[in-house]
Structure formats: structure tokens, C-alpha cells
>>> print(open('structure-v4.json').read())   # JSON, C-alpha atoms
[["chain", "number", "residue", "atom", "x", "y", "z"],
["A", 24, "TYR", "CA", -95.23, 99.55, 60.89],
["A", 25, "GLN", "CA", -92.51, 96.89, 60.81],
["A", 26, "TRP", "CA", -89.68, 95.67, 58.64],
["A", 27, "THR", "CA", -90.57, 93.67, 55.49],
["A", 28, "PHE", "CA", -88.24, 91.35, 53.60],
["A", 29, "LEU", "CA", -89.12, 90.56, 50.01],
["A", 30, "TRP", "CA", -86.94, 88.26, 47.91],
["A", 31, "SER", "CA", -86.59, 88.64, 44.14],
["A", 32, "ASP", "CA", -88.62, 85.46, 43.54],
["A", 33, "GLY", "CA", -91.57, 86.81, 45.55],
["A", 34, "THR", "CA", -91.03, 84.94, 48.81],
["A", 35, "ILE", "CA", -91.22, 86.86, 52.06],
["A", 36, "GLY", "CA", -88.98, 86.44, 55.12],
["A", 37, "ARG", "CA", -85.58, 87.22, 56.56],
["A", 38, "LYS", "CA", -84.16, 83.85, 55.54],
["A", 39, "LYS", "CA", -84.50, 81.95, 52.30],
["A", 40, "VAL", "CA", -83.69, 78.33, 51.52],
["A", 41, "VAL", "CA", -82.41, 78.07, 47.96],
["A", 42, "THR", "CA", -82.67, 74.75, 46.13],
["A", 43, "SER", "CA", -82.27, 75.80, 42.51],
["A", 44, "SER", "CA", -79.82, 77.87, 40.52],
["A", 45, "GLY", "CA", -80.62, 81.51, 39.92],
["A", 46, "SER", "CA", -79.99, 85.14, 40.81],
["A", 47, "TYR", "CA", -81.45, 86.28, 44.12],
["A", 48, "TYR", "CA", -81.60, 89.62, 45.93],
["A", 49, "LEU", "CA", -83.48, 90.93, 48.94],
["A", 50, "THR", "CA", -85.48, 94.12, 49.17],
["A", 51, "VAL", "CA", -85.95, 95.44, 52.70],
["A", 52, "THR", "CA", -88.52, 98.03, 53.65],
["A", 53, "GLY", "CA", -88.01, 99.69, 57.04],
["A", 54, "PRO", "CA", -90.66, 100.98, 59.46],
["A", 55, "ASN", "CA", -90.11, 104.49, 58.16],
["A", 56, "GLY", "CA", -90.85, 103.37, 54.57],
["A", 57, "CYS", "CA", -87.24, 103.45, 53.38],
["A", 58, "VAL", "CA", -86.43, 100.74, 50.82],
["A", 59, "ASN", "CA", -83.04, 99.18, 50.20],
["A", 60, "SER", "CA", -81.96, 96.19, 48.10],
["A", 61, "SER", "CA", -79.08, 93.78, 48.60],
["A", 62, "PRO", "CA", -76.53, 92.95, 45.97],
["A", 63, "VAL", "CA", -77.51, 90.13, 43.62],
["A", 64, "PHE", "CA", -76.44, 86.69, 44.81],
["A", 65, "ILE", "CA", -75.84, 84.22, 42.02],
["A", 66, "VAL", "CA", -76.49, 80.70, 43.24],
["A", 67, "THR", "CA", -75.40, 77.65, 41.28],
["A", 68, "VAL", "CA", -76.90, 74.33, 42.33],
["A", 69, "HIS", "CA", -75.07, 71.46, 40.70],
["A", 70, "PRO", "CA", -77.15, 68.42, 39.82],
["A", 71, "GLN", "CA", -76.80, 65.32, 41.94],
["A", 72, "PRO", "CA", -75.14, 62.52, 39.95],
["A", 73, "VAL", "CA", -77.42, 59.65, 39.03],
["A", 74, "PRO", "CA", -75.20, 56.60, 38.61],
["A", 75, "VAL", "CA", -76.52, 53.39, 37.10],
["A", 76, "ILE", "CA", -74.69, 50.10, 37.61],
["A", 77, "LYS", "CA", -74.30, 48.18, 34.38],
["A", 78, "PRO", "CA", -73.50, 44.46, 34.74],
["A", 79, "GLU", "CA", -71.13, 43.15, 32.08],
["A", 80, "GLY", "CA", -72.79, 39.74, 31.94],
["A", 81, "PRO", "CA", -75.45, 37.79, 33.87],
["A", 82, "THR", "CA", -75.85, 38.59, 37.57],
["A", 83, "SER", "CA", -76.87, 35.01, 38.34],
["A", 84, "PHE", "CA", -74.18, 32.42, 37.63],
["A", 85, "CYS", "CA", -72.60, 29.22, 38.90],
["A", 86, "ALA", "CA", -69.91, 29.11, 41.60],
["A", 87, "GLY", "CA", -66.52, 29.77, 40.07],
["A", 88, "GLY", "CA", -68.00, 32.39, 37.74],
["A", 89, "ARG", "CA", -67.96, 36.17, 38.01],
["A", 90, "VAL", "CA", -69.61, 39.33, 36.80],
["A", 91, "ILE", "CA", -68.11, 42.79, 36.36],
["A", 92, "LEU", "CA", -70.22, 45.71, 37.58],
["A", 93, "ASP", "CA", -69.52, 49.08, 35.92],
["A", 94, "ALA", "CA", -70.59, 52.26, 37.74],
["A", 95, "ASP", "CA", -69.77, 54.84, 35.09],
["A", 96, "GLN", "CA", -70.23, 54.07, 31.42],
["A", 97, "ALA", "CA", -69.74, 57.73, 30.42],
["A", 98, "GLY", "CA", -66.67, 58.45, 32.58],
["A", 99, "ALA", "CA", -68.44, 61.37, 34.28],
["A", 100, "PHE", "CA", -67.58, 60.68, 37.91],
["A", 101, "THR", "CA", -64.44, 61.47, 39.88],
["A", 102, "SER", "CA", -64.70, 59.00, 42.77],
["A", 103, "TYR", "CA", -66.46, 55.75, 43.66],
["A", 104, "LEU", "CA", -67.29, 53.91, 46.86],
["A", 105, "TRP", "CA", -68.91, 50.49, 46.50],
["A", 106, "SER", "CA", -70.88, 48.77, 49.23],
["A", 107, "ASN", "CA", -68.08, 46.18, 49.49],
["A", 108, "GLY", "CA", -65.49, 48.93, 50.13],
["A", 109, "ALA", "CA", -63.96, 49.01, 46.62],
["A", 110, "ARG", "CA", -63.05, 52.45, 45.25],
["A", 111, "THR", "CA", -62.75, 51.67, 41.54],
["A", 112, "ARG", "CA", -65.08, 52.35, 38.62],
["A", 113, "LYS", "CA", -65.60, 48.62, 37.99],
["A", 114, "ILE", "CA", -65.67, 45.72, 40.41],
["A", 115, "THR", "CA", -65.49, 41.97, 39.83],
["A", 116, "VAL", "CA", -68.08, 40.10, 41.87],
["A", 117, "THR", "CA", -67.77, 36.40, 42.75],
["A", 118, "GLN", "CA", -70.08, 36.24, 45.79],
["A", 119, "THR", "CA", -73.81, 36.47, 46.36],
["A", 120, "GLY", "CA", -74.97, 39.88, 47.60],
["A", 121, "SER", "CA", -76.43, 43.25, 46.70],
["A", 122, "TYR", "CA", -73.92, 45.76, 45.38],
["A", 123, "SER", "CA", -74.44, 49.52, 45.27],
["A", 124, "VAL", "CA", -72.09, 52.40, 44.62],
["A", 125, "THR", "CA", -71.89, 56.03, 45.71],
["A", 126, "VAL", "CA", -70.18, 58.35, 43.24],
["A", 127, "ALA", "CA", -69.01, 61.95, 43.24],
["A", 128, "ASN", "CA", -68.95, 64.31, 40.26],
["A", 129, "SER", "CA", -66.41, 67.07, 39.60],
["A", 130, "GLN", "CA", -68.45, 69.52, 41.72],
["A", 131, "GLY", "CA", -68.28, 67.18, 44.73],
["A", 132, "CYS", "CA", -71.95, 66.21, 44.59],
["A", 133, "LEU", "CA", -72.78, 62.65, 45.66],
["A", 134, "GLY", "CA", -75.25, 60.16, 44.24],
["A", 135, "THR", "CA", -75.96, 56.51, 44.98],
["A", 136, "ALA", "CA", -77.03, 53.90, 42.45],
["A", 137, "PRO", "CA", -79.76, 51.41, 43.30],
["A", 138, "ALA", "CA", -78.29, 48.10, 44.45],
["A", 139, "VAL", "CA", -77.80, 45.29, 41.95],
["A", 140, "PRO", "CA", -78.42, 41.80, 43.35],
["A", 141, "VAL", "CA", -75.90, 39.09, 42.41],
["A", 142, "GLN", "CA", -76.72, 35.40, 42.89],
["A", 143, "VAL", "CA", -73.95, 32.79, 42.87],
["A", 144, "ASN", "CA", -75.47, 29.32, 42.53],
["A", 145, "PRO", "CA", -73.76, 26.24, 43.98],
["A", 146, "ILE", "CA", -72.26, 23.53, 41.80],
["A", 147, "PRO", "CA", -74.21, 20.30, 42.32],
["A", 148, "VAL", "CA", -72.34, 17.37, 43.83],
["A", 149, "PRO", "CA", -74.43, 14.29, 43.04],
["A", 150, "VAL", "CA", -73.76, 11.03, 44.91],
["A", 151, "ILE", "CA", -74.44, 7.79, 43.04],
["A", 152, "THR", "CA", -76.22, 5.05, 44.97],
["A", 153, "THR", "CA", -77.56, 1.64, 44.00],
["A", 154, "SER", "CA", -81.29, 1.07, 43.97],
["A", 155, "SER", "CA", -81.11, -2.64, 43.16],
["A", 156, "GLY", "CA", -78.25, -5.10, 43.06],
["A", 157, "ASN", "CA", -74.69, -4.97, 44.29],
["A", 158, "LEU", "CA", -71.67, -3.34, 42.74],
["A", 159, "THR", "CA", -70.08, -6.77, 42.46],
["A", 160, "PHE", "CA", -72.10, -9.41, 40.61],
["A", 161, "CYS", "CA", -71.74, -12.54, 38.50],
["A", 162, "GLU", "CA", -71.81, -12.54, 34.72],
["A", 163, "GLY", "CA", -75.38, -12.16, 33.55],
["A", 164, "GLY", "CA", -76.26, -9.96, 36.53],
["A", 165, "SER", "CA", -76.71, -6.20, 36.72],
["A", 166, "VAL", "CA", -76.95, -3.30, 39.07],
["A", 167, "THR", "CA", -79.10, -0.19, 38.88],
["A", 168, "LEU", "CA", -77.23, 3.04, 39.59],
["A", 169, "GLU", "CA", -79.22, 6.01, 40.82],
["A", 170, "ALA", "CA", -78.52, 9.74, 40.92],
["A", 171, "PRO", "CA", -80.30, 12.02, 43.41],
["A", 172, "VAL", "CA", -83.70, 13.46, 42.55],
["A", 173, "GLY", "CA", -84.20, 17.16, 41.89],
["A", 174, "TYR", "CA", -81.96, 17.90, 38.93],
["A", 175, "SER", "CA", -83.21, 19.16, 35.59],
["A", 176, "SER", "CA", -81.09, 16.76, 33.52],
["A", 177, "TYR", "CA", -78.87, 13.70, 33.87],
["A", 178, "LEU", "CA", -76.20, 12.25, 31.59],
["A", 179, "TRP", "CA", -74.43, 9.03, 32.48],
["A", 180, "SER", "CA", -71.04, 8.03, 31.13],
["A", 181, "ASN", "CA", -72.76, 5.14, 29.33],
["A", 182, "GLY", "CA", -75.00, 7.58, 27.44],
["A", 183, "ALA", "CA", -78.17, 7.15, 29.50],
["A", 184, "ASN", "CA", -80.04, 10.40, 30.17],
["A", 185, "THR", "CA", -82.37, 9.30, 32.96],
["A", 186, "ARG", "CA", -82.04, 9.52, 36.73],
["A", 187, "THR", "CA", -81.17, 5.82, 36.92],
["A", 188, "THR", "CA", -79.24, 3.47, 34.67],
["A", 189, "THR", "CA", -78.89, -0.29, 34.79],
["A", 190, "VAL", "CA", -75.45, -1.65, 33.93],
["A", 191, "ASP", "CA", -74.37, -5.22, 33.27],
["A", 192, "GLN", "CA", -70.73, -4.56, 32.39],
["A", 193, "ALA", "CA", -67.80, -3.95, 34.70],
["A", 194, "GLY", "CA", -66.48, -0.40, 34.58],
["A", 195, "ILE", "CA", -66.43, 3.02, 36.16],
["A", 196, "TYR", "CA", -69.65, 4.97, 35.76],
["A", 197, "THR", "CA", -70.18, 8.66, 36.32],
["A", 198, "VAL", "CA", -73.19, 10.94, 36.05],
["A", 199, "THR", "CA", -73.30, 14.61, 35.14],
["A", 200, "VAL", "CA", -76.30, 16.54, 36.43],
["A", 201, "VAL", "CA", -77.62, 20.02, 35.78],
["A", 202, "SER", "CA", -79.41, 21.90, 38.56],
["A", 203, "ASN", "CA", -82.53, 24.01, 38.06],
["A", 204, "THR", "CA", -80.22, 27.08, 38.12],
["A", 205, "GLY", "CA", -78.23, 25.71, 35.18],
["A", 206, "CYS", "CA", -75.14, 24.68, 37.12],
["A", 207, "GLN", "CA", -73.45, 21.44, 36.11],
["A", 208, "GLY", "CA", -71.71, 18.95, 38.37]]
>>> encode(input="structure-v4.json", output="C-alpha cells")
Amino acid sequence: YQWTFLWSDGTIGRKKVVTSSGSYYLTVTGPNGCVNSSPVFIVTVHPQPVPVIKPEGPTSFCAGGRVILDADQAGAFTSYLWSNGARTRKITVTQTGSYSVTVANSQGCLGTAPAVPVQVNPIPVPVITTSSGNLTFCEGGSVTLEAPVGYSSYLWSNGANTRTTTVDQAGIYTVTVVSNTGCQG
């Protein structure tokens, strides 16, 4: 006959791994049949925090823009550590990357939010070229100005909204383009 160890939840063994809150005690039966029980151990398992990052605006924007990421809309956490090293509840992001945060609750339990990707799109810098004619010409002549291909829209200072515009008047001409990501230059 040998020693037996019976826990209050029905598991058998000298050691017990506890993963949930509850009251636990151990009943030991010796080789001579004597039975003894331990005091009741009250175990409290605090829940792991489950933070969610809430962007305050679009997470894809043009260079020069920003988005604020908020790690705690309910004010339930006591500390924050962002993947960029910040230790505040909210961060202002101006660079492309994935941002996650690890938080602690008042019991000291840690939880990490899934990363939020941020995309900062470049401002287009179109260069005007000529496709026919010279920039200097005689009265009655013209020159065709051309913006680069690949933009979703074009607007010339003379009102044209095509990739090219033909001008027959002296002046300074500019073009505003919009990229496929919505950035204007």
C-alpha cells in the first residue's frame, strides 16, 4: 500500500498546476490507511488584459499626415509599452510600420494587442517635360507639355485635366497630380 494524493477537484498527484480561480485542498491517504486533509487554498487567477488598438483616423495617409493610436479606450490599464518604445496610452504615428502595445492591468497581468499596420504614402513630385515643340517659340506656335504617366488625375494651371496640354501663350504652367494612393503633388 502506498501514499495517495487526491485534490479537491478530483485530480490525483503530489503536485497540481492551477490555471483557474477556486478553492483547492489536498487529501492524503497514508500506507496505513490514515487520511488527512490540507487547509483550503484559495487561488485567484486574474484575467489577462486584452488590449485593442483603436486608430483615431485612417491608418493609410500621405506623407506629412499622422494618425493617433489609442491603446485603452476604457482607461483600464496601468502601464503601456509600445513597439516603438513609447510608454503612453496614445501615440502619434507619422511613419510606416506595424505598431503593437503591451499593457498591464492593476493586478500586474500583461497582455499584447495585435499589431496595427500604418502606411505613409509618398507625395508625388511630377516633372513636366515637352513632348513636342520648344519652350520658346514664335507667335502662332505652341508647345505640348507632358506630365509623367501613372497618376490617377491631372490638373494643369490652364484648366486642362489630361496628362498633356498644348499651350500657345507665354506663361508659367504647373500641373497638380494625384497618385493612386490619393496623395497630391
>>> closest_atom_pairs(input="structure-v4.json", of="region 131-158 of chain A", to="region 71-80 of chain A", cutoff="6 Å", atoms="only C-alpha atoms", output="tab-separated table")
residue	atom	partner	partner_atom	distance
A:Cys132	CA	A:Gln71	CA	5.6
A:Gly134	CA	A:Pro72	CA	4.9
A:Ala136	CA	A:Pro74	CA	5.0
>>> closest_residue(input="structure-v4.json", among="A:Thr197, A:Thr50, A:Gln207, A:Asn144", to="Ala170 (chain A)", atoms="only C-alpha atoms")
A:Thr197
>>> closest_residue(input="structure-v4.json", among="A:Phe28, A:Phe160, A:Phe100, A:Trp105", to="Leu133 (chain A)", atoms="only C-alpha atoms")
A:Phe100
>>> atom_distance(input="structure-v4.json", atom1="CA of Gly156 (chain A)", atom2="CA of Leu178 (chain A)")
20.9 Å
>>> closest_residue(input="structure-v4.json", among="A:Thr153, A:Arg89, A:Gly208, A:Ser102", to="Ile114 (chain A)", atoms="only C-alpha atoms")
A:Arg89
>>> atom_distance(input="structure-v4.json", atom1="CA of Arg110 (chain A)", atom2="CA of Thr67 (chain A)")
28.3 Å
>>> atom_distance(input="structure-v4.json", atom1="CA of Pro81 (chain A)", atom2="CA of Gly98 (chain A)")
22.5 Å
>>> closest_residue(input="structure-v4.json", among="A:Gly182, A:Thr135, A:Val190, A:Ala127", to="Glu162 (chain A)", atoms="only C-alpha atoms")
A:Val190
>>> closest_residue(input="structure-v4.json", among="A:Ser31, A:Thr111, A:Thr101, A:Gln130", to="Ser46 (chain A)", atoms="all atoms listed in the file")
A:Ser31
>>> closest_residue(input="structure-v4.json", among="A:Ser121, A:Asn128, A:Ser83, A:Ser106", to="Pro70 (chain A)", atoms="all atoms listed in the file")
A:Asn128
>>> residues_around(input="structure-v4.json", residues="region 54-61 of chain A", least_positions_apart="4", cutoff="9 Å", atoms="only C-alpha atoms", output="JSON, numbers by chain")
{"A": [24, 25, 26, 27, 48, 49, 50]}
>>> decode(input="structure-v4.json", residues="region 174-191 of chain A", atoms="N, CA, C and O atoms", output="compact mmCIF listing (two decimals), in the first residue's frame")
# COMPACT_ATOMS: atom_id res chain seq x y z
N TYR A 174 -0.44 58.52 -62.84
CA TYR A 174 -1.23 59.19 -61.80
C TYR A 174 -2.71 59.03 -62.11
O TYR A 174 -3.11 58.85 -63.25
N SER A 175 -3.53 59.11 -61.07
CA SER A 175 -4.97 58.90 -61.27
C SER A 175 -5.67 60.14 -61.77
O SER A 175 -6.75 60.04 -62.36
N SER A 176 -5.10 61.33 -61.55
CA SER A 176 -5.71 62.54 -62.12
C SER A 176 -4.65 63.62 -62.30
O SER A 176 -3.60 63.60 -61.66
N TYR A 177 -4.97 64.54 -63.22
CA TYR A 177 -4.08 65.65 -63.58
C TYR A 177 -4.91 66.92 -63.64
O TYR A 177 -6.04 66.89 -64.11
N LEU A 178 -4.33 68.03 -63.18
CA LEU A 178 -5.00 69.32 -63.34
C LEU A 178 -3.92 70.37 -63.59
O LEU A 178 -3.08 70.64 -62.73
N TRP A 179 -3.97 70.93 -64.79
CA TRP A 179 -2.99 71.95 -65.19
C TRP A 179 -3.48 73.32 -64.75
O TRP A 179 -4.67 73.56 -64.57
N SER A 180 -2.54 74.23 -64.62
CA SER A 180 -2.89 75.60 -64.22
C SER A 180 -3.74 76.31 -65.26
O SER A 180 -4.40 77.30 -64.95
N ASN A 181 -3.76 75.80 -66.48
CA ASN A 181 -4.63 76.39 -67.52
C ASN A 181 -6.00 75.73 -67.56
O ASN A 181 -6.80 76.00 -68.46
N GLY A 182 -6.27 74.82 -66.63
CA GLY A 182 -7.58 74.18 -66.54
C GLY A 182 -7.66 72.82 -67.21
O GLY A 182 -8.65 72.11 -67.03
N ALA A 183 -6.68 72.43 -67.99
CA ALA A 183 -6.71 71.12 -68.64
C ALA A 183 -6.64 70.03 -67.58
O ALA A 183 -5.97 70.19 -66.56
N ASN A 184 -7.32 68.91 -67.83
CA ASN A 184 -7.31 67.80 -66.87
C ASN A 184 -6.85 66.50 -67.51
O ASN A 184 -7.30 65.42 -67.15
N THR A 185 -5.94 66.61 -68.46
CA THR A 185 -5.36 65.45 -69.13
C THR A 185 -3.87 65.38 -68.78
O THR A 185 -3.32 66.31 -68.20
N ARG A 186 -3.24 64.29 -69.19
CA ARG A 186 -1.81 64.13 -68.90
C ARG A 186 -0.96 65.14 -69.65
O ARG A 186 0.12 65.53 -69.21
N THR A 187 -1.42 65.58 -70.81
CA THR A 187 -0.69 66.57 -71.60
C THR A 187 -1.58 67.78 -71.86
O THR A 187 -2.81 67.68 -71.82
N THR A 188 -0.93 68.90 -72.12
CA THR A 188 -1.68 70.10 -72.52
C THR A 188 -0.82 70.86 -73.53
O THR A 188 0.40 70.91 -73.41
N THR A 189 -1.48 71.39 -74.53
CA THR A 189 -0.78 72.18 -75.53
C THR A 189 -1.07 73.65 -75.25
O THR A 189 -2.23 74.05 -75.10
N VAL A 190 0.01 74.44 -75.16
CA VAL A 190 -0.14 75.87 -74.86
C VAL A 190 0.44 76.69 -76.00
O VAL A 190 1.43 76.31 -76.63
N ASP A 191 -0.21 77.82 -76.27
CA ASP A 191 0.26 78.72 -77.32
C ASP A 191 0.45 80.15 -76.79
O ASP A 191 0.60 81.08 -77.55
